[in-house]
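Data block for protein.pdb (PDB, C-alpha atoms):
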```pdb
ATOM      1  CA  MET F   1      18.293  13.083  11.456
ATOM      2  CA  ALA F   2      18.789  16.882  11.421
ATOM      3  CA  VAL F   3      21.068  19.029  13.554
ATOM      4  CA  LYS F   4      20.811  22.710  14.354
ATOM      5  CA  THR F   5      23.767  24.971  13.591
ATOM      6  CA  ALA F   6      24.866  27.762  15.932
ATOM      7  CA  GLY F   7      23.040  30.176  13.635
ATOM      8  CA  GLY F   8      19.811  28.230  14.045
ATOM      9  CA  HIS F   9      19.796  26.557  10.608
ATOM     10  CA  ARG F  10      18.809  22.934  10.312
ATOM     11  CA  ARG F  11      21.267  20.635   8.585
ATOM     12  CA  ILE F  12      20.481  17.078   7.529
ATOM     13  CA  LEU F  13      23.302  14.653   8.282
ATOM     14  CA  ARG F  14      24.884  12.863   5.315
ATOM     15  CA  SER F  15      24.526   9.559   7.183
ATOM     16  CA  SER F  16      20.750  10.133   7.305
ATOM     17  CA  LEU F  17      20.650  10.782   3.568
ATOM     18  CA  ASP F  18      22.709   7.643   2.983
ATOM     19  CA  GLN F  19      20.283   5.643   5.108
ATOM     20  CA  LEU F  20      17.372   6.981   3.083
ATOM     21  CA  ASP F  21      19.161   6.177  -0.154
ATOM     22  CA  GLU F  22      19.868   2.679   1.157
ATOM     23  CA  LYS F  23      16.184   2.151   1.856
ATOM     24  CA  LEU F  24      14.340   4.022  -0.876
ATOM     25  CA  GLY F  25      16.709   5.569  -3.378
ATOM     26  CA  PRO F  26      19.083   4.458  -6.129
ATOM     27  CA  LYS F  27      20.903   2.016  -3.829
ATOM     28  CA  ALA F  28      17.644   0.200  -3.179
ATOM     29  CA  MET F  29      17.003  -0.035  -6.916
ATOM     30  CA  LYS F  30      20.553  -1.351  -7.485
ATOM     31  CA  ARG F  31      19.923  -4.039  -4.872
ATOM     32  CA  LEU F  32      16.743  -4.950  -6.685
ATOM     33  CA  ALA F  33      18.578  -5.138 -10.009
ATOM     34  CA  ALA F  34      21.271  -7.352  -8.488
ATOM     35  CA  ALA F  35      18.621  -9.647  -7.040
ATOM     36  CA  SER F  36      16.861  -9.822 -10.401
ATOM     37  CA  GLU F  37      20.082 -10.835 -12.175
ATOM     38  CA  LYS F  38      20.313 -13.892  -9.934
ATOM     39  CA  LYS F  39      16.831 -14.973 -10.919
ATOM     40  CA  THR F  40      17.824 -16.777 -14.093
ATOM     41  CA  ASP F  41      19.656 -19.406 -12.006
ATOM     42  CA  GLN F  42      16.713 -20.001  -9.746
ATOM     43  CA  ILE F  43      13.293 -21.511 -10.018
ATOM     44  CA  ALA F  44      11.314 -19.480 -12.505
ATOM     45  CA  PRO F  45       7.960 -18.175 -11.289
ATOM     46  CA  THR F  46       4.829 -19.318 -13.099
ATOM     47  CA  TYR F  47       4.442 -15.737 -14.230
ATOM     48  CA  GLY F  48       7.389 -14.418 -16.166
ATOM     49  CA  SER F  49       7.781 -17.369 -18.484
ATOM     50  CA  ARG F  50       6.876 -15.123 -21.406
ATOM     51  CA  LEU F  51       7.848 -11.557 -22.215
ATOM     52  CA  THR F  52       4.314 -10.346 -21.725
ATOM     53  CA  ASP F  53       3.664 -12.144 -18.437
ATOM     54  CA  LEU F  54       4.452 -10.632 -15.068
ATOM     55  CA  GLY F  55       2.544 -11.550 -11.945
ATOM     56  CA  VAL F  56       2.111  -9.236  -8.989
ATOM     57  CA  LEU F  57       0.491 -10.274  -5.733
ATOM     58  CA  ILE F  58      -0.887  -7.380  -3.692
ATOM     59  CA  VAL F  59      -1.516  -8.217  -0.043
ATOM     60  CA  GLU F  60      -3.624  -5.445   1.413
ATOM     61  CA  ASP F  61      -6.618  -5.548   3.739
ATOM     62  CA  ASP F  62      -7.821  -2.126   2.606
ATOM     63  CA  ALA F  63      -9.806  -2.665  -0.591
ATOM     64  CA  VAL F  64      -9.500   1.008  -1.541
ATOM     65  CA  VAL F  65      -5.694   0.944  -1.421
ATOM     66  CA  ALA F  66      -5.609  -2.388  -3.273
ATOM     67  CA  THR F  67      -7.896  -0.998  -5.993
ATOM     68  CA  ALA F  68      -5.746   2.102  -6.392
ATOM     69  CA  ILE F  69      -2.682  -0.082  -6.968
ATOM     70  CA  THR F  70      -4.353  -2.574  -9.322
ATOM     71  CA  ALA F  71      -6.108   0.143 -11.340
ATOM     72  CA  ASN F  72      -2.848   2.026 -11.848
ATOM     73  CA  LEU F  73      -0.872  -1.088 -12.737
ATOM     74  CA  ALA F  74      -3.560  -2.316 -15.140
ATOM     75  CA  LYS F  75      -3.541   1.031 -16.905
ATOM     76  CA  LEU F  76       0.201   1.552 -17.070
ATOM     77  CA  TYR F  77       1.458  -2.004 -17.507
ATOM     78  CA  PRO F  78      -1.119  -4.164 -19.273
ATOM     79  CA  GLU F  79       1.332  -7.078 -19.327
ATOM     80  CA  ILE F  80       1.188  -7.313 -15.539
ATOM     81  CA  ALA F  81      -1.362  -9.668 -14.014
ATOM     82  CA  CYS F  82      -2.475  -8.495 -10.577
ATOM     83  CA  LEU F  83      -3.830 -10.662  -7.804
ATOM     84  CA  VAL F  84      -5.128  -9.356  -4.495
ATOM     85  CA  ALA F  85      -5.004 -11.121  -1.132
ATOM     86  CA  THR F  86      -6.573  -9.614   1.971
ATOM     87  CA  ASP F  87      -4.136 -11.014   4.523
ATOM     88  CA  GLY F  88      -0.995 -13.105   4.819
ATOM     89  CA  LEU F  89      -2.801 -16.431   4.893
ATOM     90  CA  ASP F  90      -4.757 -15.638   1.753
ATOM     91  CA  ALA F  91      -1.437 -14.563   0.221
ATOM     92  CA  VAL F  92       0.248 -17.894   0.981
ATOM     93  CA  LEU F  93      -2.440 -19.707  -1.006
ATOM     94  CA  HIS F  94      -1.951 -17.351  -3.963
ATOM     95  CA  LEU F  95       1.831 -17.668  -3.733
ATOM     96  CA  GLU F  96       1.694 -21.444  -3.952
ATOM     97  CA  ARG F  97      -0.642 -21.443  -6.903
ATOM     98  CA  GLN F  98       0.508 -18.452  -8.932
ATOM     99  CA  ARG F  99       4.194 -17.912  -8.101
ATOM    100  CA  PRO F 100       4.136 -14.146  -8.768
ATOM    101  CA  SER F 101       7.292 -12.211  -9.673
ATOM    102  CA  VAL F 102       6.563  -9.346  -7.283
ATOM    103  CA  LEU F 103       4.959  -9.316  -3.855
ATOM    104  CA  ILE F 104       3.561  -6.001  -2.627
ATOM    105  CA  THR F 105       2.463  -6.271   0.966
ATOM    106  CA  ASP F 106       1.089  -4.215   3.800
ATOM    107  CA  LEU F 107       2.403  -5.046   7.283
ATOM    108  CA  ASN F 108      -0.509  -4.410   9.603
ATOM    109  CA  MET F 109      -3.068  -7.080   8.815
ATOM    110  CA  THR F 110      -5.028  -9.644  10.789
ATOM    111  CA  PRO F 111      -4.872 -12.516  11.516
ATOM    112  CA  PHE F 112      -1.676 -13.231   9.530
ATOM    113  CA  ASP F 113       0.355 -10.035   9.192
ATOM    114  CA  GLY F 114       2.931  -8.900   6.653
ATOM    115  CA  PHE F 115       5.864  -9.617   8.989
ATOM    116  CA  SER F 116       4.881 -13.286   9.213
ATOM    117  CA  LEU F 117       4.340 -13.429   5.472
ATOM    118  CA  ILE F 118       7.766 -11.937   4.672
ATOM    119  CA  LYS F 119       9.422 -14.245   7.195
ATOM    120  CA  MET F 120       7.790 -17.250   5.573
ATOM    121  CA  VAL F 121       8.669 -16.093   2.046
ATOM    122  CA  SER F 122      12.284 -15.318   2.989
ATOM    123  CA  SER F 123      12.778 -18.779   4.463
ATOM    124  CA  ARG F 124      11.596 -20.655   1.377
ATOM    125  CA  PRO F 125      14.040 -21.192  -1.540
ATOM    126  CA  GLU F 126      11.275 -21.265  -4.130
ATOM    127  CA  TYR F 127      10.455 -17.618  -3.382
ATOM    128  CA  GLN F 128      13.996 -16.229  -3.390
ATOM    129  CA  ALA F 129      13.560 -14.881  -6.926
ATOM    130  CA  MET F 130      10.513 -12.859  -5.975
ATOM    131  CA  SER F 131      10.899  -9.106  -5.366
ATOM    132  CA  ILE F 132       9.223  -7.847  -2.208
ATOM    133  CA  VAL F 133       7.821  -4.354  -1.791
ATOM    134  CA  VAL F 134       6.400  -3.286   1.562
ATOM    135  CA  ILE F 135       3.887  -0.468   1.841
ATOM    136  CA  SER F 136       3.044   0.506   5.379
ATOM    137  CA  GLY F 137       2.086   3.359   7.636
ATOM    138  CA  LEU F 138       4.219   1.940  10.451
ATOM    139  CA  SER F 139       7.185   4.032  11.558
ATOM    140  CA  ASP F 140      10.785   2.764  11.513
ATOM    141  CA  GLN F 141      10.652   2.338  15.278
ATOM    142  CA  GLU F 142       7.437   0.319  15.111
ATOM    143  CA  ILE F 143       8.883  -1.880  12.370
ATOM    144  CA  GLN F 144      12.083  -2.473  14.334
ATOM    145  CA  ALA F 145      10.072  -3.232  17.474
ATOM    146  CA  ARG F 146       8.261  -5.946  15.532
ATOM    147  CA  GLY F 147      11.448  -7.583  14.285
ATOM    148  CA  GLY F 148      12.390  -5.364  11.333
ATOM    149  CA  LEU F 149      12.469  -6.254   7.647
ATOM    150  CA  PRO F 150      15.046  -8.206   5.608
ATOM    151  CA  PRO F 151      17.553  -6.055   3.647
ATOM    152  CA  ASN F 152      16.282  -7.128   0.226
ATOM    153  CA  VAL F 153      12.856  -5.598   0.844
ATOM    154  CA  LEU F 154      11.920  -2.271  -0.727
ATOM    155  CA  PHE F 155       9.925  -0.065   1.641
ATOM    156  CA  TYR F 156       7.400   2.623   0.641
ATOM    157  CA  PRO F 157       5.637   4.530   3.409
ATOM    158  CA  LYS F 158       1.908   5.140   3.481
ATOM    159  CA  PRO F 159       0.180   7.243   2.328
ATOM    160  CA  LEU F 160       1.540   5.654  -0.804
ATOM    161  CA  SER F 161       2.612   7.860  -3.670
ATOM    162  CA  MET F 162       1.705   6.046  -6.881
ATOM    163  CA  GLU F 163       4.527   7.897  -8.624
ATOM    164  CA  ARG F 164       7.030   5.990  -6.515
ATOM    165  CA  LEU F 165       5.378   2.686  -7.228
ATOM    166  CA  LYS F 166       5.341   3.548 -10.931
ATOM    167  CA  GLY F 167       9.064   4.278 -10.706
ATOM    168  CA  PHE F 168       9.675   0.845  -9.235
ATOM    169  CA  PHE F 169       7.613  -0.886 -11.915
ATOM    170  CA  ASP F 170       9.220   1.105 -14.729
ATOM    171  CA  ALA F 171      12.571  -0.252 -13.592
ATOM    172  CA  TYR F 172      11.237  -3.721 -12.884
ATOM    173  CA  VAL F 173       9.461  -4.147 -16.211
ATOM    174  CA  HIS F 174      12.554  -2.871 -18.010
ATOM    175  CA  LEU F 175      14.746  -5.446 -16.228
ATOM    176  CA  HIS F 176      12.223  -8.183 -16.867
ATOM    177  CA  ARG F 177      12.123  -7.404 -20.582
ATOM    178  CA  GLN F 178      15.917  -7.483 -20.758
ATOM    179  CA  GLN F 179      16.017 -10.875 -19.064
ATOM    180  CA  MET F 180      13.385 -12.202 -21.426
ATOM    181  CA  LEU F 181      15.321 -11.276 -24.578
ATOM    182  CA  PRO F 182      15.422 -14.033 -27.213
ATOM    183  CA  SER F 183      19.036 -15.030 -26.378
ATOM    184  CA  ASN F 184      17.728 -16.822 -23.295
ATOM    185  CA  HIS F 185      14.480 -18.089 -24.703
ATOM    186  CA  ASP F 186      12.921 -19.693 -27.737
ATOM    187  CA  THR F 187      12.290 -17.304 -30.569
ATOM    188  CA  PRO F 188       9.067 -17.539 -32.561
ATOM    189  CA  ASP F 189       9.351 -19.287 -35.950
TER
ATOM    190  CA  MET O   1     -21.250  21.105   2.980
ATOM    191  CA  THR O   2     -17.474  21.431   2.807
ATOM    192  CA  ARG O   3     -15.436  20.015  -0.046
ATOM    193  CA  GLN O   4     -13.832  16.819   1.151
ATOM    194  CA  ILE O   5     -12.145  15.503  -1.973
ATOM    195  CA  ASP O   6      -9.119  17.350  -3.321
ATOM    196  CA  ILE O   7      -9.127  16.447  -7.015
ATOM    197  CA  ALA O   8      -5.802  18.102  -7.776
ATOM    198  CA  LEU O   9      -4.143  16.190  -4.965
ATOM    199  CA  PHE O  10      -5.759  12.952  -6.117
ATOM    200  CA  THR O  11      -4.144  13.257  -9.527
ATOM    201  CA  GLN O  12      -0.777  13.941  -7.896
ATOM    202  CA  THR O  13      -0.816  11.110  -5.403
ATOM    203  CA  THR O  14      -3.172   8.362  -6.563
ATOM    204  CA  GLY O  15      -3.582   8.576 -10.299
ATOM    205  CA  ASP O  16      -5.440   9.960 -13.268
ATOM    206  CA  LEU O  17      -9.083  10.891 -12.998
ATOM    207  CA  ASP O  18     -10.253   7.687 -14.693
ATOM    208  CA  ILE O  19      -8.755   5.820 -11.719
ATOM    209  CA  LEU O  20     -11.040   7.849  -9.455
ATOM    210  CA  ALA O  21     -14.110   5.991 -10.738
ATOM    211  CA  ALA O  22     -12.673   2.592  -9.770
ATOM    212  CA  VAL O  23     -11.303   3.732  -6.442
ATOM    213  CA  GLY O  24     -14.354   5.863  -5.569
ATOM    214  CA  LYS O  25     -16.729   2.993  -6.235
ATOM    215  CA  VAL O  26     -14.865   0.702  -3.830
ATOM    216  CA  PHE O  27     -14.697   3.499  -1.258
ATOM    217  CA  LEU O  28     -18.458   4.065  -1.404
ATOM    218  CA  VAL O  29     -19.161   0.338  -1.093
ATOM    219  CA  GLN O  30     -16.836   0.119   1.920
ATOM    220  CA  LEU O  31     -18.580   3.018   3.667
ATOM    221  CA  VAL O  32     -21.606   0.918   4.606
ATOM    222  CA  PRO O  33     -19.737  -1.808   6.557
ATOM    223  CA  TRP O  34     -17.378   0.817   7.975
ATOM    224  CA  ARG O  35     -20.253   2.799   9.494
ATOM    225  CA  LEU O  36     -21.818  -0.328  10.942
ATOM    226  CA  ALA O  37     -18.489  -1.468  12.361
ATOM    227  CA  LEU O  38     -17.801   1.995  13.789
ATOM    228  CA  GLN O  39     -21.143   1.931  15.601
ATOM    229  CA  GLU O  40     -20.727  -1.645  16.833
ATOM    230  CA  HIS O  41     -17.167  -1.255  18.066
ATOM    231  CA  SER O  42     -18.051   2.090  19.669
ATOM    232  CA  ALA O  43     -21.005   0.570  21.504
ATOM    233  CA  ARG O  44     -18.623  -1.984  23.069
ATOM    234  CA  PHE O  45     -15.769   0.525  23.101
ATOM    235  CA  ASP O  46     -13.468  -2.104  21.673
ATOM    236  CA  VAL O  47     -10.258  -0.075  21.402
ATOM    237  CA  LEU O  48      -8.335  -2.630  19.357
ATOM    238  CA  GLU O  49     -11.073  -3.012  16.754
ATOM    239  CA  LEU O  50     -11.696   0.732  16.676
ATOM    240  CA  THR O  51      -7.999   1.448  16.205
ATOM    241  CA  ASN O  52      -7.773  -1.005  13.297
ATOM    242  CA  LEU O  53     -10.929   0.382  11.733
ATOM    243  CA  VAL O  54     -10.079   4.076  11.914
ATOM    244  CA  HIS O  55      -6.547   3.256  10.731
ATOM    245  CA  ARG O  56      -7.985   1.605   7.616
ATOM    246  CA  MET O  57     -10.487   4.430   7.082
ATOM    247  CA  LYS O  58      -7.638   6.923   7.321
ATOM    248  CA  GLY O  59      -5.698   5.017   4.660
ATOM    249  CA  SER O  60      -8.684   4.941   2.337
ATOM    250  CA  CYS O  61      -9.297   8.662   2.856
ATOM    251  CA  HIS O  62      -5.699   9.306   1.791
ATOM    252  CA  VAL O  63      -6.274   7.347  -1.409
ATOM    253  CA  VAL O  64      -9.329   9.415  -2.411
ATOM    254  CA  ALA O  65      -7.526  12.596  -1.282
ATOM    255  CA  ALA O  66     -10.012  13.368   1.504
ATOM    256  CA  MET O  67      -7.250  14.926   3.530
ATOM    257  CA  ALA O  68      -9.250  16.671   6.272
ATOM    258  CA  ALA O  69     -11.067  13.417   6.932
ATOM    259  CA  ALA O  70      -7.790  11.482   6.929
ATOM    260  CA  THR O  71      -6.469  13.883   9.572
ATOM    261  CA  ALA O  72      -9.621  13.431  11.666
ATOM    262  CA  PHE O  73      -9.294   9.638  11.502
ATOM    263  CA  GLU O  74      -5.622   9.866  12.387
ATOM    264  CA  GLN O  75      -6.387  12.047  15.417
ATOM    265  CA  ALA O  76      -9.050   9.561  16.479
ATOM    266  CA  GLU O  77      -6.598   6.679  16.042
ATOM    267  CA  ASN O  78      -3.948   8.421  18.117
ATOM    268  CA  GLY O  79      -6.369   9.561  20.810
ATOM    269  CA  LEU O  80      -8.248   6.304  21.336
ATOM    270  CA  LYS O  81      -5.950   4.892  23.990
ATOM    271  CA  GLN O  82      -6.462   7.922  26.217
ATOM    272  CA  MET O  83     -10.244   7.798  25.904
ATOM    273  CA  ASN O  84     -13.081   5.943  27.547
ATOM    274  CA  ALA O  85     -16.503   5.018  26.160
ATOM    275  CA  GLU O  86     -17.980   8.323  27.288
ATOM    276  CA  SER O  87     -15.317  10.587  25.817
ATOM    277  CA  TRP O  88     -15.188   8.531  22.615
ATOM    278  CA  ARG O  89     -18.915   8.911  21.839
ATOM    279  CA  PRO O  90     -18.792  12.464  20.399
ATOM    280  CA  ASN O  91     -15.801  11.443  18.287
ATOM    281  CA  CYS O  92     -17.761   8.528  16.898
ATOM    282  CA  HIS O  93     -20.653  10.840  15.970
ATOM    283  CA  ARG O  94     -18.267  13.291  14.367
ATOM    284  CA  LEU O  95     -16.567  10.575  12.305
ATOM    285  CA  LEU O  96     -19.909   9.167  11.186
ATOM    286  CA  ALA O  97     -21.012  12.634  10.078
ATOM    287  CA  LEU O  98     -17.712  13.017   8.264
ATOM    288  CA  THR O  99     -18.283   9.800   6.309
ATOM    289  CA  GLU O 100     -21.587  11.249   5.104
ATOM    290  CA  GLU O 101     -19.864  14.396   3.905
ATOM    291  CA  ILE O 102     -17.210  12.372   2.082
ATOM    292  CA  GLU O 103     -19.880  10.164   0.530
ATOM    293  CA  ALA O 104     -21.838  13.137  -0.805
ATOM    294  CA  ASP O 105     -18.762  14.901  -2.121
ATOM    295  CA  LEU O 106     -17.250  11.798  -3.672
ATOM    296  CA  GLN O 107     -20.513  10.967  -5.422
ATOM    297  CA  ALA O 108     -20.736  14.518  -6.754
ATOM    298  CA  VAL O 109     -17.138  14.406  -8.000
ATOM    299  CA  MET O 110     -17.637  11.024  -9.657
ATOM    300  CA  VAL O 111     -20.829  12.177 -11.399
ATOM    301  CA  ALA O 112     -19.089  15.339 -12.603
ATOM    302  CA  GLN O 113     -16.167  13.314 -13.957
ATOM    303  CA  ALA O 114     -18.476  10.832 -15.667
ATOM    304  CA  GLN O 115     -20.304  13.658 -17.427
ATOM    305  CA  ARG O 116     -17.140  15.133 -18.886
TER
END
```
Please lay out the structure from this file as structure tokens.
Amino acid sequence: MAVKTAGGHRRILRSSLDQLDEKLGPKAMKRLAAASEKKTDQIAPTYGSRLTDLGVLIVEDDAVVATAITANLAKLYPEIACLVATDGLDAVLHLERQRPSVLITDLNMTPFDGFSLIKMVSSRPEYQAMSIVVISGLSDQEIQARGGLPPNVLFYPKPLSMERLKGFFDAYVHLHRQQMLPSNHDTPD
Amino acid sequence: MTRQIDIALFTQTTGDLDILAAVGKVFLVQLVPWRLALQEHSARFDVLELTNLVHRMKGSCHVVAAMAAATAFEQAENGLKQMNAESWRPNCHRLLALTEEIEADLQAVMVAQAQR
């Protein structure tokens, strides 16, 4: 939120900056890191059992957007295996079978939307270790009107900047590699 | 024909130029069902289906950095609820023509990139 000073200048309130930081900035990344630290005590996803394996499920009904994400991830992080689902129902089937480490989902999809998917995922203990990233063109008001999002979800607005997604994956892959260090796992002979 | 694809913007927002081939190919394939759906939904003036369709087309235009087209689809999306079948018709024609311009420009850009 911005306010206008007596001289006509616009000033952005610190509380607004804090809110943005909470949702998209360093605080959001710290939350993600804290959530990732808990993962070792929880059910391990099928992906992630080896240093080189990371599974990402992309739930997006727009094939062009999904291709942009998968093409970038494949190029930048060859160790990541990408799966694409076209709606929430398709995603549930992939989740059961593949147990990805990261879920990237759109919100506006039919017949099973991203809100229902996130609600389902959040209620199931076997998915608590999974990081959730939402990409959507919906405004804050529209999201709140449809029930809002859980606090552990990272939100990126559409149109999506791939640089931001790369930033997330840089941090995520780094954390994943640290967790997969030999102290926790079998070392090769 | 106007330039629809902003290559410099594409590299800033979506990715390197080698990504353009993958994304552009999917975009061009999608254009055929999109046009058919646009015509079908417009004939019935199905506002819900039209809103979903132009919303998705807008998103795809953003990905290939067709910004003028993305703006046109966004305006159509926002204006649909205030329209009726009659007032929507010229918009439908305009959007269809726009998809042809994007198609031609995207093909030209992809060929030029492939030849480099």
Which residues are near region 62-66 of chain O? Cut-off 9 Å, all atoms listed in the file, ignore same chain within fewer than 2 positions. Put them as a JSON list (two decimals) with C-alpha atoms, in the frame of the given file.
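Writing done, so here's part.json:
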```
[["chain", "number", "residue", "atom", "x", "y", "z"],
["F", 64, "VAL", "CA", -9.50, 1.01, -1.54],
["F", 65, "VAL", "CA", -5.69, 0.94, -1.42],
["F", 68, "ALA", "CA", -5.75, 2.10, -6.39],
["F", 158, "LYS", "CA", 1.91, 5.14, 3.48],
["F", 159, "PRO", "CA", 0.18, 7.24, 2.33],
["F", 160, "LEU", "CA", 1.54, 5.65, -0.80],
["O", 3, "ARG", "CA", -15.44, 20.02, -0.05],
["O", 4, "GLN", "CA", -13.83, 16.82, 1.15],
["O", 5, "ILE", "CA", -12.14, 15.50, -1.97],
["O", 6, "ASP", "CA", -9.12, 17.35, -3.32],
["O", 7, "ILE", "CA", -9.13, 16.45, -7.02],
["O", 8, "ALA", "CA", -5.80, 18.10, -7.78],
["O", 9, "LEU", "CA", -4.14, 16.19, -4.96],
["O", 10, "PHE", "CA", -5.76, 12.95, -6.12],
["O", 11, "THR", "CA", -4.14, 13.26, -9.53],
["O", 13, "THR", "CA", -0.82, 11.11, -5.40],
["O", 14, "THR", "CA", -3.17, 8.36, -6.56],
["O", 20, "LEU", "CA", -11.04, 7.85, -9.46],
["O", 23, "VAL", "CA", -11.30, 3.73, -6.44],
["O", 24, "GLY", "CA", -14.35, 5.86, -5.57],
["O", 27, "PHE", "CA", -14.70, 3.50, -1.26],
["O", 57, "MET", "CA", -10.49, 4.43, 7.08],
["O", 58, "LYS", "CA", -7.64, 6.92, 7.32],
["O", 59, "GLY", "CA", -5.70, 5.02, 4.66],
["O", 60, "SER", "CA", -8.68, 4.94, 2.34],
["O", 68, "ALA", "CA", -9.25, 16.67, 6.27],
["O", 69, "ALA", "CA", -11.07, 13.42, 6.93],
["O", 70, "ALA", "CA", -7.79, 11.48, 6.93],
["O", 71, "THR", "CA", -6.47, 13.88, 9.57],
["O", 102, "ILE", "CA", -17.21, 12.37, 2.08],
["O", 106, "LEU", "CA", -17.25, 11.80, -3.67]]
```
(request) Step by step, work through what the PyMOL selection byres ((chain F) within 10 of (chain O)) selects in the shown file, and finish by giving those residues as a VMD selection string. (result) chain F and resid 61 to 72 75 108 to 110 136 to 137 158 to 164
(request) Work out how far apart CA of Gln179 (chain F) and CA of Pro150 (chain F) are and give it in Å to one decimal. (result) 24.8 Å
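In this model, the gap between CA of Lys81 (chain O) and CA of Phe45 (chain O) comes to 10.8 Å.
For the residues F:Gln178, F:Ala129, F:Lys166, F:Ser101, ranking by smallest atom-to-atom distance to Leu76 (chain F) using only C-alpha atoms places F:Lys166 first.
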(request) Any chance you could resolve the PyMOL selection byres ((chain F and resi 135) around 10) against this file and give the residues as a ChimeraX atom specification? (result) /F:59-60,104-108,114,132-134,136-138,154-160,165
(request) Work out how far apart CA of Val121 (chain F) and CA of Phe168 (chain F) are and give it in Å to one decimal. (result) 20.4 Å
(message) For region 78-80 of chain O, find every residue with an atom within 10 Å (counting all atoms listed in the file), except residues of its own chain fewer than 2 positions away, and show them as a VMD selection string.
(response) chain O and resid 45 to 48 50 to 51 54 to 55 72 to 76 82 to 85 87 to 88 91
(request) Could you tell me which of F:Asp53, F:Met130, F:Pro100, F:Gly167 comes closest to Glu79 (chain F) if we count all atoms listed in the file? (result)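 Among the listed residues, F:Asp53 lies closest to Glu79 (chain F).
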(request) Report the residues retrieved by the PyMOL selection byres ((chain O and resi 113) around 9) from the displayed file, expressed as JSON, numbers by chain. (result) {"O": [17, 18, 20, 21, 108, 109, 110, 111, 112, 114, 115, 116]}
Emit as JSON the padded axis-aligned box for all listed atoms of region 77-82 of chain O, 5 Å per side, with centre and edge lengths in Å to one decimal.
```
{"center_x": -6.1, "center_y": 7.2, "center_z": 21.1, "size_x": 14.3, "size_y": 14.7, "size_z": 20.2}
```
Expected file for region 157-169 of chain F keeping N, CA and C atoms, as a PDB file, in the first residue's frame:
```pdb
ATOM      1  N   PRO F 157       3.454 -14.484  -8.882  1.00  0.00           N
ATOM      2  CA  PRO F 157       2.368 -14.042  -9.762  1.00  0.00           C
ATOM      3  C   PRO F 157       2.674 -14.294 -11.243  1.00  0.00           C
ATOM      4  N   LYS F 158       1.606 -14.458 -12.004  1.00  0.00           N
ATOM      5  CA  LYS F 158       1.741 -14.527 -13.456  1.00  0.00           C
ATOM      6  C   LYS F 158       1.547 -13.127 -14.021  1.00  0.00           C
ATOM      7  N   PRO F 159       2.173 -12.738 -15.113  1.00  0.00           N
ATOM      8  CA  PRO F 159       3.108 -13.545 -15.886  1.00  0.00           C
ATOM      9  C   PRO F 159       4.358 -13.897 -15.078  1.00  0.00           C
ATOM     10  N   LEU F 160       4.731 -15.155 -15.183  1.00  0.00           N
ATOM     11  CA  LEU F 160       5.815 -15.679 -14.369  1.00  0.00           C
ATOM     12  C   LEU F 160       7.175 -15.234 -14.906  1.00  0.00           C
ATOM     13  N   SER F 161       7.994 -14.725 -13.985  1.00  0.00           N
ATOM     14  CA  SER F 161       9.369 -14.415 -14.365  1.00  0.00           C
ATOM     15  C   SER F 161      10.212 -15.655 -14.065  1.00  0.00           C
ATOM     16  N   MET F 162      10.829 -16.203 -15.099  1.00  0.00           N
ATOM     17  CA  MET F 162      11.628 -17.419 -14.908  1.00  0.00           C
ATOM     18  C   MET F 162      12.811 -17.168 -13.972  1.00  0.00           C
ATOM     19  N   GLU F 163      13.260 -15.909 -13.931  1.00  0.00           N
ATOM     20  CA  GLU F 163      14.378 -15.583 -13.040  1.00  0.00           C
ATOM     21  C   GLU F 163      14.014 -15.879 -11.588  1.00  0.00           C
ATOM     22  N   ARG F 164      12.775 -15.587 -11.244  1.00  0.00           N
ATOM     23  CA  ARG F 164      12.335 -15.834  -9.860  1.00  0.00           C
ATOM     24  C   ARG F 164      12.259 -17.320  -9.586  1.00  0.00           C
ATOM     25  N   LEU F 165      11.760 -18.051 -10.556  1.00  0.00           N
ATOM     26  CA  LEU F 165      11.665 -19.500 -10.373  1.00  0.00           C
ATOM     27  C   LEU F 165      13.067 -20.111 -10.287  1.00  0.00           C
ATOM     28  N   LYS F 166      13.972 -19.566 -11.088  1.00  0.00           N
ATOM     29  CA  LYS F 166      15.369 -20.044 -11.038  1.00  0.00           C
ATOM     30  C   LYS F 166      15.949 -19.778  -9.653  1.00  0.00           C
ATOM     31  N   GLY F 167      15.641 -18.608  -9.102  1.00  0.00           N
ATOM     32  CA  GLY F 167      16.125 -18.261  -7.768  1.00  0.00           C
ATOM     33  C   GLY F 167      15.649 -19.271  -6.733  1.00  0.00           C
ATOM     34  N   PHE F 168      14.390 -19.639  -6.832  1.00  0.00           N
ATOM     35  CA  PHE F 168      13.835 -20.634  -5.913  1.00  0.00           C
ATOM     36  C   PHE F 168      14.577 -21.959  -6.068  1.00  0.00           C
ATOM     37  N   PHE F 169      14.763 -22.395  -7.307  1.00  0.00           N
ATOM     38  CA  PHE F 169      15.394 -23.705  -7.517  1.00  0.00           C
ATOM     39  C   PHE F 169      16.882 -23.690  -7.173  1.00  0.00           C
TER      40      PHE F 169
END
```
